[in-house]
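Peer 1: Pasting in a structure now, in structure tokens, and then I'll have a few things to ask.
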Amino acid sequence: MSGYGRERRSRGFVVGAVCLVLLVVVVYGALTLVPPLPAATVTPLAYAKTTSFPPPQLGLPADGASAVVAADGSLVATAGSADSRPIAGAAKLVLALATLSAKPLQAGDAGPPIPIGQADVDAAASLSASGARTLPVVLGSTWSEREMLAAAVLGASNNIAESLARWAFGSEQAYVSAATAWLSHAGLAHTTVVDSTGLDPKGVSTATDLATLARLAATDPVLADLYANGPPSSANATYDSYVAYRPSTGIQGLSRSYTDAAGVCLLFALPLPATEGSAASTAYVAIAGMPTYAALSSALDAVVAAAPHAIAPVTVVAKGQRLARLETAWGASVGLRATRDVVVWGLSGDMPPVRIRSSVHGFVPSGDDAGDAVLRIRGHDETVGLVTDGPVRDPGLAWRLLHPVDMIGSITRSL
């Protein structure tokens, strides 16, 4: 081979080698500089010194069935039977809430007019003759939706409850179907209604469902307005609120009733005073199946006396509390802090577990959103935002180039 040929092959080899090196450099750079930085590792921290709390001692009666739920709807305590039992007049709260779902009102509005027909007059006469609680109606008169809601809920009127159901749903049977759907939507799985009044003992519920029903009624804007202001002025009927039971105790009566099958039943809202570092709150109580009004009164006194001390607010998480530590592959480390307080009234049992959800890549300034913490409290997830308590700085090009395993691994993990 001539010298020229050898020189030509040598140049070709050098050019190929240079191209290969450049290709390797380009590929290496692409694999280490272009991909996203590997996600940081998040380690939850112990967030509470106390691990468990004893059940609140509320003085609930052993007779019948009782339950207390907190303002967030979570169950605080139960006593007595856990079985379903006749609910008597509490069924009228289902009627009111189902009606408002089908025929919405704004708080304070009268709503559409409802004419009194012969069926309404006949029902009033029949129920009155049976000894059930009724309000008089006049053929051809007109009631508003608000008047009927008030008469059924505050006046505990059975004939008006039936009239309201017929107007809103067409018939008692249609009402029962609609109410059953509403109960399912509201999560009251252990409650069954078979009429609008609660007089039929086949209408049943548990104390826990009744306490939850009390909360739903008390927090509905239309019913809350009626509870706060009492029966509306009306030419149709004048009556005192039947549910305003022993107001001197500070409770807000929501439903009071008696039947032979159900016993004496009371649903009420119980204000809880503010404490240092915590705002006032409300508990919702159902006491059902009491043998006498004397027994109900005694049970009420016990609950009212015990609740402000027993249903205490527990700050599970404080705003600014560090819940997790975030560490990057390049050595940066910051804390993740809660953005708000989480307060639980009447917490009992173990402190709720915490699960951290966070994905941080690259630079994050101090105080930036870094995910959230999820606490499982009484069967419900409570989500709290998390922010960094310091900056997470970008590691720079040199770190990327010197850590190919980390950078290439971030590609595979993102696939």
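Letters A, B, ... mark the chains of the structure tokens in the order given; residue numbers begin at 1 per chain; ligand numbers begin at 1, in order shown.
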Would you pick out the contacts of region 177-182 of chain A at 8 Å or less, using only C-alpha atoms, so that residues sharing its chain but fewer than 4 positions from it are not included, and give the list as an mmCIF file with C-alpha atoms, in the first residue's frame?

Peer 2:
data_model
loop_
_atom_site.group_PDB
_atom_site.id
_atom_site.type_symbol
_atom_site.label_atom_id
_atom_site.label_comp_id
_atom_site.auth_asym_id
_atom_site.auth_seq_id
_atom_site.Cartn_x
_atom_site.Cartn_y
_atom_site.Cartn_z
ATOM 1 C CA VAL A 94 -86.154 13.356 56.341
ATOM 2 C CA LEU A 95 -89.346 14.728 54.796
ATOM 3 C CA ALA A 98 -85.975 15.523 50.844
ATOM 4 C CA PHE A 169 -93.988 14.293 45.337
ATOM 5 C CA GLN A 173 -95.703 6.250 47.849
ATOM 6 C CA ALA A 186 -76.932 11.408 52.314
ATOM 7 C CA THR A 192 -85.718 3.442 56.439
ATOM 8 C CA VAL A 193 -88.821 5.603 56.013
#

Peer 1: Could you list, as a list in words, every residue within 12 Å of Pro54 (chain A), counting only C-alpha atoms and ignoring same-chain residues fewer than 6 positions away?

Peer 2: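 After dropping sequence-adjacent residues, the list is Val76, Ala77, Ala310, Ile311, Ala312, Gly346, Leu347, Ser348, Gly349, Asp350 and Met351 of chain A.
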
Peer 1: Do you know which residues are at most 12 Å from Arg340 (chain A) counting only C-alpha atoms, after dropping those on the same chain fewer than 5 positions away, and could you put them as a PyMOL selection string?

Peer 2: chain A and resi 315-323+372-373+382-387

Peer 1: Generate the output file for the selected residues, N, CA and C atoms, as an mmCIF file, in the first residue's frame.

Peer 2:
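The result, written out as out.cif:
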data_model
loop_
_atom_site.group_PDB
_atom_site.id
_atom_site.type_symbol
_atom_site.label_atom_id
_atom_site.label_comp_id
_atom_site.auth_asym_id
_atom_site.auth_seq_id
_atom_site.Cartn_x
_atom_site.Cartn_y
_atom_site.Cartn_z
ATOM 1 N N THR A 315 -55.901 19.607 68.920
ATOM 2 C CA THR A 315 -55.172 20.087 67.751
ATOM 3 C C THR A 315 -54.263 18.961 67.275
ATOM 4 N N VAL A 316 -54.725 18.256 66.271
ATOM 5 C CA VAL A 316 -53.968 17.125 65.741
ATOM 6 C C VAL A 316 -52.734 17.620 64.996
ATOM 7 N N VAL A 317 -52.911 18.679 64.228
ATOM 8 C CA VAL A 317 -51.796 19.303 63.507
ATOM 9 C C VAL A 317 -51.909 20.806 63.688
ATOM 10 N N ALA A 318 -50.811 21.456 64.007
ATOM 11 C CA ALA A 318 -50.786 22.907 64.155
ATOM 12 C C ALA A 318 -50.193 23.553 62.901
ATOM 13 N N LYS A 319 -50.711 24.701 62.544
ATOM 14 C CA LYS A 319 -50.169 25.437 61.406
ATOM 15 C C LYS A 319 -48.682 25.691 61.628
ATOM 16 N N GLY A 320 -47.880 25.388 60.629
ATOM 17 C CA GLY A 320 -46.437 25.568 60.731
ATOM 18 C C GLY A 320 -45.695 24.365 61.286
ATOM 19 N N GLN A 321 -46.440 23.345 61.711
ATOM 20 C CA GLN A 321 -45.797 22.150 62.267
ATOM 21 C C GLN A 321 -45.099 21.364 61.160
ATOM 22 N N ARG A 322 -43.867 20.925 61.450
ATOM 23 C CA ARG A 322 -43.120 20.144 60.470
ATOM 24 C C ARG A 322 -43.629 18.705 60.488
ATOM 25 N N LEU A 323 -44.125 18.251 59.341
ATOM 26 C CA LEU A 323 -44.700 16.916 59.245
ATOM 27 C C LEU A 323 -43.811 15.935 58.489
ATOM 28 N N ASP A 372 -48.998 17.614 50.009
ATOM 29 C CA ASP A 372 -49.941 17.670 51.127
ATOM 30 C C ASP A 372 -49.797 16.446 52.018
ATOM 31 N N ALA A 373 -50.408 16.554 53.183
ATOM 32 C CA ALA A 373 -50.481 15.452 54.129
ATOM 33 C C ALA A 373 -51.934 15.026 54.230
ATOM 34 N N GLU A 382 -58.622 13.904 55.824
ATOM 35 C CA GLU A 382 -58.433 15.342 56.035
ATOM 36 C C GLU A 382 -57.116 15.715 55.376
ATOM 37 N N THR A 383 -57.174 16.612 54.385
ATOM 38 C CA THR A 383 -55.987 16.968 53.613
ATOM 39 C C THR A 383 -55.450 18.321 54.053
ATOM 40 N N VAL A 384 -54.146 18.379 54.290
ATOM 41 C CA VAL A 384 -53.480 19.596 54.746
ATOM 42 C C VAL A 384 -52.346 19.910 53.781
ATOM 43 N N GLY A 385 -52.324 21.125 53.259
ATOM 44 C CA GLY A 385 -51.246 21.521 52.363
ATOM 45 C C GLY A 385 -49.897 21.593 53.086
ATOM 46 N N LEU A 386 -48.831 21.353 52.333
ATOM 47 C CA LEU A 386 -47.475 21.410 52.874
ATOM 48 C C LEU A 386 -46.646 22.421 52.081
ATOM 49 N N VAL A 387 -45.803 23.154 52.792
ATOM 50 C CA VAL A 387 -44.871 24.078 52.150
ATOM 51 C C VAL A 387 -43.470 23.823 52.694
#

Peer 1: Nearest to Ala261 (chain A) among A:Leu105, A:Val314, A:Ala299, A:Val204, with distances taken over only C-alpha atoms: which residue is it?

Peer 2: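 For Ala261 (chain A), the nearest of the candidates is A:Val204.
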
Peer 1: I'd like the neighbourhood of Ser281 (chain A) as a PDB file with N, CA and C atoms, in the first residue's frame, where a residue qualifies if any of its atoms comes within 8 Å (using only C-alpha atoms), though same-chain residues fewer than 2 positions away should be ignored.

Peer 2:
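Saved the output as result-v9.pdb:
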ATOM      1  N   ALA A  71     -69.149  18.505  64.689  1.00  0.00           N
ATOM      2  CA  ALA A  71     -69.557  19.444  63.641  1.00  0.00           C
ATOM      3  C   ALA A  71     -69.118  18.994  62.258  1.00  0.00           C
ATOM      4  N   PRO A 271     -74.322  23.487  71.707  1.00  0.00           N
ATOM      5  CA  PRO A 271     -73.166  24.369  71.523  1.00  0.00           C
ATOM      6  C   PRO A 271     -72.018  23.981  72.460  1.00  0.00           C
ATOM      7  N   LEU A 272     -70.807  24.034  71.925  1.00  0.00           N
ATOM      8  CA  LEU A 272     -69.602  23.773  72.711  1.00  0.00           C
ATOM      9  C   LEU A 272     -68.801  25.063  72.784  1.00  0.00           C
ATOM     10  N   PRO A 273     -68.410  25.478  73.977  1.00  0.00           N
ATOM     11  CA  PRO A 273     -67.756  26.780  74.121  1.00  0.00           C
ATOM     12  C   PRO A 273     -66.357  26.801  73.525  1.00  0.00           C
ATOM     13  N   ALA A 274     -65.934  28.001  73.166  1.00  0.00           N
ATOM     14  CA  ALA A 274     -64.565  28.180  72.685  1.00  0.00           C
ATOM     15  C   ALA A 274     -63.584  27.919  73.820  1.00  0.00           C
ATOM     16  N   ALA A 279     -61.877  27.723  68.342  1.00  0.00           N
ATOM     17  CA  ALA A 279     -63.169  28.402  68.254  1.00  0.00           C
ATOM     18  C   ALA A 279     -64.280  27.518  68.810  1.00  0.00           C
ATOM     19  N   ALA A 283     -72.003  20.144  68.798  1.00  0.00           N
ATOM     20  CA  ALA A 283     -72.211  18.697  68.706  1.00  0.00           C
ATOM     21  C   ALA A 283     -73.682  18.438  68.424  1.00  0.00           C
TER      22      ALA A 283
END

Peer 1: Which residue gives the smallest distance to Ser278 (chain A) among A:Leu254, A:Ala237, A:Val343, A:Leu326, with only C-alpha atoms counted?

Peer 2: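 Result for the nearest residue to Ser278 (chain A): A:Val343.
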
Peer 1: Which parts of region 138-303 of chain A does DSSP call strand (DSSP E or B) when run on the backbone here, written out as JSON, numbers by chain?

Peer 2: {"A": [142, 143, 144, 192, 204, 205, 252, 253, 254, 255, 256, 257, 258, 259, 263, 264, 265, 266, 267, 268, 269, 270, 271, 272, 275, 278, 281, 282, 283, 284, 285, 286, 287, 288, 289, 290]}

Peer 1: Could you make a table, as a Markdown table, of the residues of region 220-257 of chain A that have an atom within 8 Å of an atom of region 264-267 of chain A, each with its nearest atom pair and distance in Å to one decimal, counting only C-alpha atoms, in chain and number order?

Peer 2:
| residue | atom | partner | partner_atom | distance |
| --- | --- | --- | --- | --- |
| A:Gly253 | CA | A:Leu267 | CA | 6.3 |
| A:Leu254 | CA | A:Leu267 | CA | 5.4 |
| A:Ser255 | CA | A:Leu267 | CA | 5.0 |
| A:Arg256 | CA | A:Leu266 | CA | 4.6 |
| A:Ser257 | CA | A:Cys265 | CA | 5.4 |

Peer 1: Out of A:Ala124, A:Leu93, A:Leu58, A:Val42, which residue has the shortest atom-to-atom distance to Val303 (chain A) when counting only C-alpha atoms?

Peer 2: A:Leu58

Peer 1: Per DSSP on the backbone, filter region 177-398 of chain A down to the residues in helix (DSSP H, G or I) and report them as JSON, numbers by chain.

Peer 2: {"A": [177, 178, 179, 180, 181, 182, 183, 184, 185, 186, 207, 208, 209, 210, 211, 212, 213, 214, 215, 216, 217, 218, 219, 221, 222, 223, 224, 225, 226, 227, 228, 229, 247, 248, 249, 293, 294, 295, 296, 297, 298, 299, 300, 301, 302, 303, 304, 305, 306, 307, 308, 309, 310, 396, 397, 398]}

Peer 1: From the options A:Ala110, A:Ile377, A:Ala132, A:Ile251, which residue's atoms come nearest to Asp200 (chain A), counting only C-alpha atoms?

Peer 2: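 Looking only at the distances to Asp200 (chain A), the closest residue turns out to be A:Ala132.
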
Peer 1: For a quick check of understanding, using only C-alpha atoms, which of A:Ile356, A:Ala102, A:Val138, A:Ala91 has the smallest distance to Trp167 (chain A)?

Peer 2: A:Ala102

Peer 1: Do a neighbour search on Ala40 (chain A) at 10 Å with only C-alpha atoms, toss out local chain neighbours closer than 3 positions, and write the hits as a PyMOL selection string.

Peer 2: chain A and resi 37+43+325-333+358-362+392

Peer 1: Rounded to one decimal, what separation in Å do you get between CA of Gly64 (chain A) and CA of Ile287 (chain A)?

Peer 2: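 Taking CA of Gly64 (chain A) and CA of Ile287 (chain A), their separation equals 7.5 Å.
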
Peer 1: Report the distance between CA of His380 (chain A) and CA of Val69 (chain A) in Å, rounded to one decimal place.

Peer 2: 13.4 Å

Peer 1: With only C-alpha atoms as the atoms that count, which of A:Ser157, A:Ser163, A:Thr78, A:Ser66 lies nearest to Thr142 (chain A)?

Peer 2: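 Comparing A:Ser157, A:Ser163, A:Thr78, A:Ser66 against Thr142 (chain A), the winner is A:Ser163.
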